Amino acid sequence: MTVAATREDPMVSREADREMLEAVLAGDNTAYRGLVEKYQERIYAMAYGMLRNREDARDITQEAFVKAYHKLSTFRLESSFYTWLYRIAMNLAIDLTRKRKRRGESSGYDETIASRDGDGGIHEVHHGDSPSRVLERKQLYARIMDAMEKLPADQKQVILLRELEGLAYREIAEIMEIPEGTVMSRLFYARKKLQKLLAAQHAPT
């Protein structure tokens with residue numbers, strides 16, 4: 001399940017972010033659009049991975065950017081803006097997931113998200129594929145996401161950060177505010193459980 005997007009050099013990216021943030025803090029509100037355009041697809045992809053609902057993922061993405069904008073005065077410029085933004089978005093997604101469970105709502109999963117419509121960052125279908133190959137990819141993606149839903153929240157988060165985003169252990173530890181050793185442990189158990197869940201889907205009843 002390697003679907004991580006290609007990312008630019010972290011140091012170059014962080015410096016570019018800092019310049020835009022300094023411009024925003026100096027009163028140039030239009031500079032914030034650059035950050036939104038740079039990260040909205042990746043934030044949406046995470047939100048969709050957590051929520052499996054397009055509208056909810058869009059709402060969480062927008063809310064995360066608005067919340068980050070209003071809290072910019074508390075952000076330390078020497079830190080990673082993306083890590084900070086990602087943590088805000090993930091917490092919002094977790095809160096919404098908990099509210100759904102209390103209300104007994106389903107995720108409203110739509111497997112057609114696997115064929116890209118420009119909203120997210122997961123590329124599961126390729127134009128050169130035959131119709132049978134496209135269907136196979138969509139079915140596999142649906143099975144993986146169904147299995148992901150059965151993972152504990154902390155394991156689901158670390159799988160998304162590692163497999164979807166392709167983040168380093170250090171970055172995941174920073175986002176989740178846990179030691180790197182804990183990240184590796186959660187990822188190990190999450191992968192094992194995910195493999196068992198996927199195997200169980202094919203087991204005879």
# chains A, B, ... in the order shown; residues from 1 in each chain; ligands from 1
call {"tool": "residues_around", "arguments": {"residues": "Gly49 of chain A", "least_positions_apart": "4", "cutoff": "8 Å", "atoms": "only C-alpha atoms", "output": "list of chain:residue names"}}
result
A:Ala45, A:Met145, A:Leu160
call {"tool": "write_last_selection", "arguments": {"atoms": "C-alpha atoms", "output": "PDB file, in the first residue's frame"}}
result
ATOM      1  CA  ALA A  45      -5.944  12.880   1.627  1.00  0.00           C
ATOM      2  CA  MET A 145      -9.889   0.795   3.559  1.00  0.00           C
ATOM      3  CA  LEU A 160      -1.866   6.750   7.254  1.00  0.00           C
TER       4      LEU A 160
END
call {"tool": "residues_around", "arguments": {"residues": "Asn91 of chain A", "least_positions_apart": "3", "cutoff": "12 Å", "atoms": "only C-alpha atoms", "output": "compact mmCIF listing (two decimals) with C-alpha atoms, in the first residue's frame"}}
result
# COMPACT_ATOMS: atom_id res chain seq x y z
CA ILE A 43 -4.42 17.41 4.21
CA MET A 46 -5.31 12.37 5.33
CA ALA A 47 -8.80 13.55 6.28
CA MET A 50 -9.56 8.96 8.46
CA LEU A 51 -13.18 9.73 7.59
CA ILE A 60 -12.07 19.20 7.86
CA THR A 61 -9.47 20.44 5.38
CA GLU A 63 -11.53 24.02 9.02
CA ALA A 64 -7.90 23.05 9.62
CA LYS A 67 -8.01 27.25 12.58
CA TRP A 84 1.67 21.70 12.94
CA LEU A 85 -1.12 21.97 10.36
CA TYR A 86 -1.30 18.20 9.96
CA ARG A 87 -1.70 17.77 13.73
CA ILE A 88 -4.55 20.29 13.75
CA ILE A 94 -10.46 12.34 15.29
CA ASP A 95 -13.01 14.58 17.01
CA LEU A 96 -15.46 14.14 14.13
CA THR A 97 -14.93 10.37 14.17
CA ARG A 98 -15.79 10.28 17.87
CA ALA A 153 -7.36 4.90 16.08
CA ASP A 154 -3.68 5.20 17.04
CA GLN A 157 -3.15 7.19 12.26
CA ILE A 175 2.88 15.01 14.64
CA MET A 176 1.55 12.43 17.10
CA GLU A 177 3.66 13.78 19.96
call {"tool": "atom_distance", "arguments": {"atom1": "atom CA of Ile178 of chain A", "atom2": "atom CA of Asn53 of chain A"}}
result
27.7 Å
call {"tool": "residues_around", "arguments": {"residues": "Val66 of chain A", "least_positions_apart": "4", "cutoff": "12 Å", "atoms": "only C-alpha atoms", "output": "PyMOL selection string"}}
result
chain A and resi 32-33+35-36+40+59-62+70-72+85+88-89+92
call {"tool": "residues_around", "arguments": {"residues": "Pro152 of chain A", "least_positions_apart": "2", "cutoff": "12 Å", "atoms": "only C-alpha atoms", "output": "MDAnalysis selection string"}}
result
chainID A and resid 50 94 147:150 154:159 186:187 189:191 193:194
call {"tool": "residues_around", "arguments": {"residues": "Glu180 of chain A", "least_positions_apart": "5", "cutoff": "10 Å", "atoms": "only C-alpha atoms", "output": "MDAnalysis selection string"}}
result
chainID A and resid 168:174 185:186
call {"tool": "write_last_selection", "arguments": {"atoms": "C-alpha atoms", "output": "PDB file, in the first residue's frame"}}
result
ATOM      1  CA  ALA A 168       9.788   9.596   8.393  1.00  0.00           C
ATOM      2  CA  TYR A 169       9.485   8.167  11.897  1.00  0.00           C
ATOM      3  CA  ARG A 170      10.761  11.449  13.303  1.00  0.00           C
ATOM      4  CA  GLU A 171       8.050  13.427  11.527  1.00  0.00           C
ATOM      5  CA  ILE A 172       5.350  10.999  12.630  1.00  0.00           C
ATOM      6  CA  ALA A 173       6.603  11.219  16.208  1.00  0.00           C
ATOM      7  CA  GLU A 174       6.417  15.017  16.026  1.00  0.00           C
ATOM      8  CA  SER A 185       6.008  -0.269  17.666  1.00  0.00           C
ATOM      9  CA  ARG A 186       2.555   0.969  16.618  1.00  0.00           C
TER      10      ARG A 186
END
call {"tool": "atom_distance", "arguments": {"atom1": "atom CA of Ala68 of chain A", "atom2": "atom CA of Gly27 of chain A"}}
result
15.7 Å
call {"tool": "atom_distance", "arguments": {"atom1": "atom CA of Val24 of chain A", "atom2": "atom CA of Gly166 of chain A"}}
result
28.7 Å
call {"tool": "closest_residue", "arguments": {"among": "A:Arg14, A:Glu163, A:Tyr69, A:Ala200", "to": "Asn29 of chain A", "atoms": "only C-alpha atoms"}}
result
A:Tyr69
call {"tool": "closest_residue", "arguments": {"among": "A:Phe65, A:Phe188, A:Phe75, A:Tyr44", "to": "Leu25 of chain A", "atoms": "only C-alpha atoms"}}
result
A:Phe75
call {"tool": "residues_around", "arguments": {"residues": "Glu19 of chain A", "least_positions_apart": "3", "cutoff": "12 Å", "atoms": "only C-alpha atoms", "output": "number ranges by chain"}}
result
A: 12-16, 22-26, 28, 31-32, 34-35, 77-78, 81
call {"tool": "write_last_selection", "arguments": {"atoms": "C-alpha atoms", "output": "short mmCIF file (atom, residue, chain, number, x, y, z; two decimals), in the first residue's frame"}}
result
data_model
loop_
_atom_site.label_atom_id
_atom_site.label_comp_id
_atom_site.auth_asym_id
_atom_site.auth_seq_id
_atom_site.Cartn_x
_atom_site.Cartn_y
_atom_site.Cartn_z
CA VAL A 12 13.76 24.04 1.22
CA SER A 13 10.06 23.55 1.87
CA ARG A 14 10.33 24.75 5.47
CA GLU A 15 12.23 27.88 4.45
CA ALA A 16 9.65 28.67 1.76
CA GLU A 22 6.37 35.96 7.86
CA ALA A 23 4.52 37.76 5.06
CA VAL A 24 1.15 36.75 6.56
CA LEU A 25 2.19 37.87 10.04
CA ALA A 26 3.36 41.18 8.53
CA ASP A 28 -0.09 40.19 3.76
CA ALA A 31 0.39 34.98 1.22
CA TYR A 32 -1.61 32.39 3.12
CA GLY A 34 0.26 29.86 -1.12
CA LEU A 35 0.27 27.60 1.92
CA LEU A 77 8.47 29.96 12.92
CA GLU A 78 11.46 27.67 13.43
CA PHE A 81 4.24 24.50 9.54
#
